[in-house]
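> Sharing run_14.txt (compact mmCIF, C-alpha atoms) below.
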# COMPACT_ATOMS: atom_id res chain seq x y z
CA MET A 285 0.00 0.00 0.00
CA ASP A 286 1.50 3.38 -1.00
CA ALA A 287 1.70 6.37 1.36
CA LYS A 288 -1.27 8.20 -0.19
CA ALA A 289 -3.55 5.18 0.08
CA LYS A 290 -2.42 4.53 3.63
CA SER A 291 -3.12 8.16 4.50
CA ARG A 292 -6.62 8.00 2.98
CA ARG A 293 -7.37 4.71 4.80
CA GLN A 294 -6.36 6.29 8.13
CA GLY A 295 -8.65 9.21 7.52
CA GLY A 296 -5.86 11.62 6.62
CA HIS A 297 -4.84 12.07 10.26
CA VAL A 298 -1.09 12.22 9.64
CA PRO A 299 -1.25 15.01 7.05
CA LYS A 300 -3.74 16.84 9.27
CA LEU A 301 -1.39 16.65 12.26
CA ASP A 302 1.49 17.88 10.15
CA SER A 303 -0.63 20.77 8.95
CA GLU A 304 -1.70 21.66 12.47
CA LYS A 305 1.92 21.59 13.65
CA ARG A 306 2.93 23.92 10.85
CA ARG A 307 0.09 26.33 11.67
CA ALA A 308 1.00 26.23 15.36
CA ALA A 309 4.65 26.91 14.58
CA ARG A 310 3.70 29.84 12.36
CA SER A 311 1.40 31.30 15.00
CA ALA A 312 4.10 30.90 17.67
CA GLU A 313 6.65 32.86 15.65
CA PRO A 314 5.14 36.33 16.23
CA VAL A 315 4.52 35.46 19.89
CA ALA A 316 8.20 34.55 20.36
CA GLU A 317 9.22 37.67 18.47
CA ARG A 318 7.03 39.85 20.68
CA ALA A 319 8.41 38.19 23.82
CA ALA A 320 11.98 38.92 22.69
CA GLN A 321 11.04 42.61 22.35
CA HIS A 322 9.98 42.91 25.99
CA VAL A 323 11.62 42.35 29.38
CA SER A 324 10.16 41.87 32.84
CA THR A 325 10.33 44.60 35.47
CA LEU A 326 12.91 42.51 37.31
CA GLU A 327 15.11 42.24 34.20
CA ALA A 328 14.73 45.97 33.54
CA ALA A 329 15.67 46.74 37.15
CA ARG A 330 18.83 44.64 36.85
CA ILE A 331 19.81 46.41 33.61
CA LEU A 332 19.18 49.87 35.08
CA GLY A 333 20.69 49.07 38.45
CA VAL A 334 17.58 50.19 40.35
CA SER A 335 14.77 48.55 42.29
CA THR A 336 11.76 46.91 40.63
CA PHE A 337 9.60 49.47 42.46
CA SER A 338 11.31 52.27 40.51
CA VAL A 339 10.74 50.47 37.20
CA GLN A 340 7.07 49.91 38.04
CA ARG A 341 6.66 53.56 39.02
CA TRP A 342 8.32 54.78 35.81
CA PHE A 343 6.06 52.46 33.79
CA ASP A 344 2.94 53.75 35.55
CA GLU A 345 4.07 57.36 34.99
CA GLY A 346 4.55 56.70 31.27
CA LEU A 347 8.32 57.09 31.29
CA LEU A 348 8.64 53.46 30.20
CA SER A 349 6.21 51.81 27.81
CA GLY A 350 5.22 48.23 27.17
CA ALA A 351 2.29 46.00 28.06
CA ARG A 352 0.33 45.12 31.16
CA LEU A 353 -0.46 41.40 31.36
CA PRO A 354 -3.49 39.75 32.97
CA GLY A 355 -2.97 39.91 36.72
CA GLY A 356 -1.30 43.32 36.54
CA LYS A 357 2.24 42.26 35.62
CA ARG A 358 4.14 44.75 33.51
CA ARG A 359 6.34 43.97 30.52
CA ILE A 360 8.77 46.68 29.43
CA ALA A 361 9.40 47.20 25.72
CA ALA A 362 13.10 46.74 25.01
CA GLU A 363 13.15 49.74 22.66
CA SER A 364 11.49 51.90 25.32
CA LEU A 365 14.11 50.77 27.84
CA ARG A 366 16.98 51.63 25.46
CA ARG A 367 15.45 55.05 24.74
CA PHE A 368 14.93 55.74 28.46
CA MET A 369 18.58 54.88 29.20
CA ALA A 370 19.83 57.12 26.38
CA GLU A 371 17.63 60.07 27.41
CA HIS A 372 18.70 59.87 31.05
CA GLY A 373 22.35 58.98 30.50
CA ILE A 374 21.97 55.63 32.24
CA LEU A 375 24.55 52.96 31.55
CA PRO A 376 24.02 49.23 32.22
CA ALA A 377 24.27 48.01 35.79
CA ARG A 378 27.39 46.85 37.60
CA ALA A 379 27.06 43.19 36.55
CA GLU A 380 27.60 44.15 32.90
CA ALA A 381 30.73 46.28 33.53
CA PRO A 382 32.14 45.70 36.99
CA ASP A 383 35.30 47.70 36.28
CA ARG A 384 33.51 51.05 36.09
CA MET A 385 33.06 53.22 39.15
CA ARG A 386 29.48 54.10 40.06
CA VAL A 387 29.18 57.77 41.03
CA LEU A 388 26.19 59.52 42.56
CA LEU A 389 26.17 63.28 41.93
CA VAL A 390 24.11 65.34 44.40
CA GLU A 391 23.83 69.00 43.35
CA ASP A 392 20.90 71.45 43.16
CA ASP A 393 22.57 73.68 40.55
CA ALA A 394 21.31 72.20 37.28
CA ARG A 395 24.13 73.70 35.19
CA LEU A 396 26.92 72.41 37.43
CA LEU A 397 25.21 69.04 37.71
CA ALA A 398 25.16 68.73 33.91
CA VAL A 399 28.82 69.77 33.61
CA MET A 400 29.93 67.18 36.19
CA LYS A 401 27.81 64.45 34.65
CA ASP A 402 29.14 65.11 31.15
CA ALA A 403 32.74 65.22 32.39
CA LEU A 404 32.42 61.81 34.02
CA THR A 405 30.37 59.98 31.39
CA ASP A 406 32.53 61.25 28.52
CA THR A 407 35.52 59.35 29.91
CA GLY A 408 33.71 56.01 29.72
CA GLU A 409 35.09 55.18 33.18
CA PHE A 410 32.00 55.91 35.27
CA PHE A 411 28.36 55.03 35.70
CA VAL A 412 26.62 58.23 36.81
CA HIS A 413 23.35 58.80 38.65
CA THR A 414 22.13 62.24 39.74
CA ALA A 415 20.06 63.71 42.57
CA THR A 416 19.11 67.31 43.33
CA GLY A 417 18.46 67.16 47.08
CA GLY A 418 19.06 65.25 50.28
CA MET A 419 15.83 63.27 49.99
CA ASP A 420 16.61 62.23 46.41
CA ALA A 421 20.14 61.32 47.46
CA GLY A 422 18.85 58.95 50.13
CA LEU A 423 16.62 57.14 47.66
CA ALA A 424 19.34 57.02 45.02
CA LEU A 425 21.84 55.61 47.49
CA ALA A 426 19.61 52.58 48.05
CA GLU A 427 18.75 52.08 44.39
CA PHE A 428 22.09 52.86 42.73
CA SER A 429 24.61 51.49 45.27
CA PRO A 430 27.38 53.96 44.34
CA ASP A 431 31.10 53.56 44.90
CA ALA A 432 31.44 57.32 45.35
CA VAL A 433 29.16 60.26 46.14
CA VAL A 434 29.91 63.80 45.00
CA LEU A 435 27.87 65.90 47.39
CA ASP A 436 27.04 69.60 47.47
CA VAL A 437 27.14 70.38 51.18
CA MET A 438 25.08 73.57 50.76
CA LEU A 439 21.81 71.95 49.71
CA GLU A 440 18.71 73.82 50.82
CA ASP A 441 16.83 70.85 52.27
CA VAL A 442 19.54 69.29 54.50
CA PRO A 443 22.55 70.93 56.26
CA GLY A 444 25.80 69.75 54.69
CA SER A 445 27.56 68.27 57.69
CA ALA A 446 24.37 66.52 58.82
CA LEU A 447 23.91 64.93 55.38
CA VAL A 448 27.54 63.80 55.23
CA ARG A 449 27.29 62.30 58.71
CA ARG A 450 23.98 60.58 57.91
CA LEU A 451 25.45 59.17 54.72
CA ARG A 452 28.63 57.94 56.39
CA GLN A 453 26.75 56.27 59.26
CA SER A 454 24.22 54.48 57.03
CA PRO A 455 24.73 50.78 56.17
CA LEU A 456 24.86 51.64 52.46
CA GLY A 457 27.14 54.65 52.78
CA HIS A 458 29.70 53.72 55.39
CA SER A 459 32.23 52.51 52.80
CA VAL A 460 31.55 54.87 49.87
CA ARG A 461 33.98 57.59 48.88
CA ILE A 462 32.45 60.99 49.74
CA VAL A 463 33.61 64.03 47.78
CA ALA A 464 32.17 67.19 49.35
CA ILE A 465 31.84 70.30 47.17
CA SER A 466 30.98 73.78 48.38
CA GLY A 467 31.30 77.48 47.63
CA ARG A 468 32.26 78.03 51.27
CA ALA A 469 35.83 76.93 51.83
CA GLU A 470 36.92 78.52 55.08
CA PRO A 471 39.23 76.26 57.14
CA GLU A 472 36.53 75.74 59.78
CA ASP A 473 34.00 74.72 57.09
CA ILE A 474 36.39 72.18 55.61
CA SER A 475 37.27 70.80 59.02
CA GLU A 476 33.58 70.40 59.92
CA ILE A 477 32.74 68.55 56.72
CA LYS A 478 35.73 66.23 56.98
CA ALA A 479 34.99 65.54 60.63
CA ALA A 480 31.49 64.48 59.55
CA GLY A 481 32.99 61.85 57.26
CA ALA A 482 33.94 63.36 53.89
CA ASP A 483 37.05 61.93 52.22
CA VAL A 484 37.70 64.89 49.92
CA PHE A 485 36.71 68.56 49.86
CA LEU A 486 36.57 70.52 46.60
CA ALA A 487 35.98 74.26 46.72
CA LYS A 488 33.75 75.76 44.03
CA PRO A 489 34.45 76.74 41.36
CA PHE A 490 36.55 73.80 40.22
CA GLU A 491 37.51 72.33 36.89
CA PRO A 492 36.15 68.97 35.66
CA ARG A 493 39.71 67.61 35.71
CA ASP A 494 39.83 68.32 39.46
CA LEU A 495 36.79 66.12 39.98
CA LEU A 496 38.29 63.36 37.85
CA ARG A 497 41.54 63.61 39.80
CA VAL A 498 39.93 62.99 43.17
CA LEU A 499 37.71 60.20 41.91
CA ARG A 500 40.29 58.19 40.02
CA PRO A 501 42.96 57.71 42.72
CA ARG A 502 42.16 56.97 46.34
CA VAL A 503 43.55 60.25 47.62
CA ARG A 504 42.44 62.63 50.32
CA ALA A 505 42.32 66.36 49.66
Turn this file's structure into structure tokens for me.

Amino acid sequence: MDAKAKSRRQGGHVPKLDSEKRRAARSAEPVAERAAQHVSTLEAARILGVSTFSVQRWFDEGLLSGARLPGGKRRIAAESLRRFMAEHGILPARAEAPDRMRVLLVEDDARLLAVMKDALTDTGEFFVHTATGGMDAGLALAEFSPDAVVLDVMLEDVPGSALVRRLRQSPLGHSVRIVAISGRAEPEDISEIKAAGADVFLAKPFEPRDLLRVLRPRVRA
């Protein structure tokens, strides 16, 4: 009995199964393609070096786009994630480049903050995260886990020495390198800030190369 006759005698089940498998495979292709274009909030958090709570909040605020699955789970579009990282100057998390220093910049002067951020990121040696106040700095410290903090000690919301002391005494900040910056550089001011726990003091105005100098080597100034 030839194959065609055998197929007809068996009711055509084998060809039908083959056809169904092909249709299923074709229908699965776009599903797999869509899945590859999205990441979970946990994966996005690992890439960004932040908490999943931050990723969820950014998704809900529309800063990240994607899809919300049944049950409320969020899926972040890979292209949206790449665009978000480019717009905010975010580099991949520590696991992807462990040799780069992670630096948290805390400064309420937008122009100086931008200058410092550009100076560091342009070298390719640093991952940079920014904050504009003491409250933001506390949240960023937990989410970003920096190796060094460049801190304006004349922020309006928290006194400089108190913020340095709070940072140095916290579980997350006791071992970070603290670079204090300030427009007030009287000897008593410097002594107070260093006594609170700062490793380095830079008087404003300073050149970007001065910031690079104190971050690259483990020196005290």
> Would you mind telling me which residue in A:Ala328, A:Ala446, A:Val484, A:Val334 lies nearest to Glu427 (chain A) when using only C-alpha atoms?
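Counting only C-alpha atoms, the residue closest to Glu427 (chain A) is A:Val334.
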> Using all atoms listed in the file, which protein or nucleic acid residues come within 12 Å of Asp483 (chain A)? Drop anything in the same chain fewer than 2 positions from it, and give the result as a PyMOL selection string.
chain A and resi 432-435+448-449+452+458-465+474-481+485-486+498-499+501-505
> In Å, rounded to a single decimal, give me how far CA of Thr407 (chain A) is from CA of Leu495 (chain A).
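CA of Leu495 (chain A) sits 12.2 Å away from CA of Thr407 (chain A).
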> Can you tell me how far CA of Ala362 (chain A) sits from CA of Leu404 (chain A), in Å to one decimal?
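For CA of Ala362 (chain A) relative to CA of Leu404 (chain A), the distance reads 26.1 Å.
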> Between A:Glu327, A:Glu470, A:Glu391, A:Glu409, single out the one closest to Ile360 (chain A), counting all atoms listed in the file.
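When distances to Ile360 (chain A) are compared using all atoms listed in the file, the smallest one comes from A:Glu327.
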> Which residue gives the smallest distance to Arg358 (chain A) among A:Ser324, A:Thr414, A:Trp342, A:Glu371, with only C-alpha atoms counted?
A:Ser324
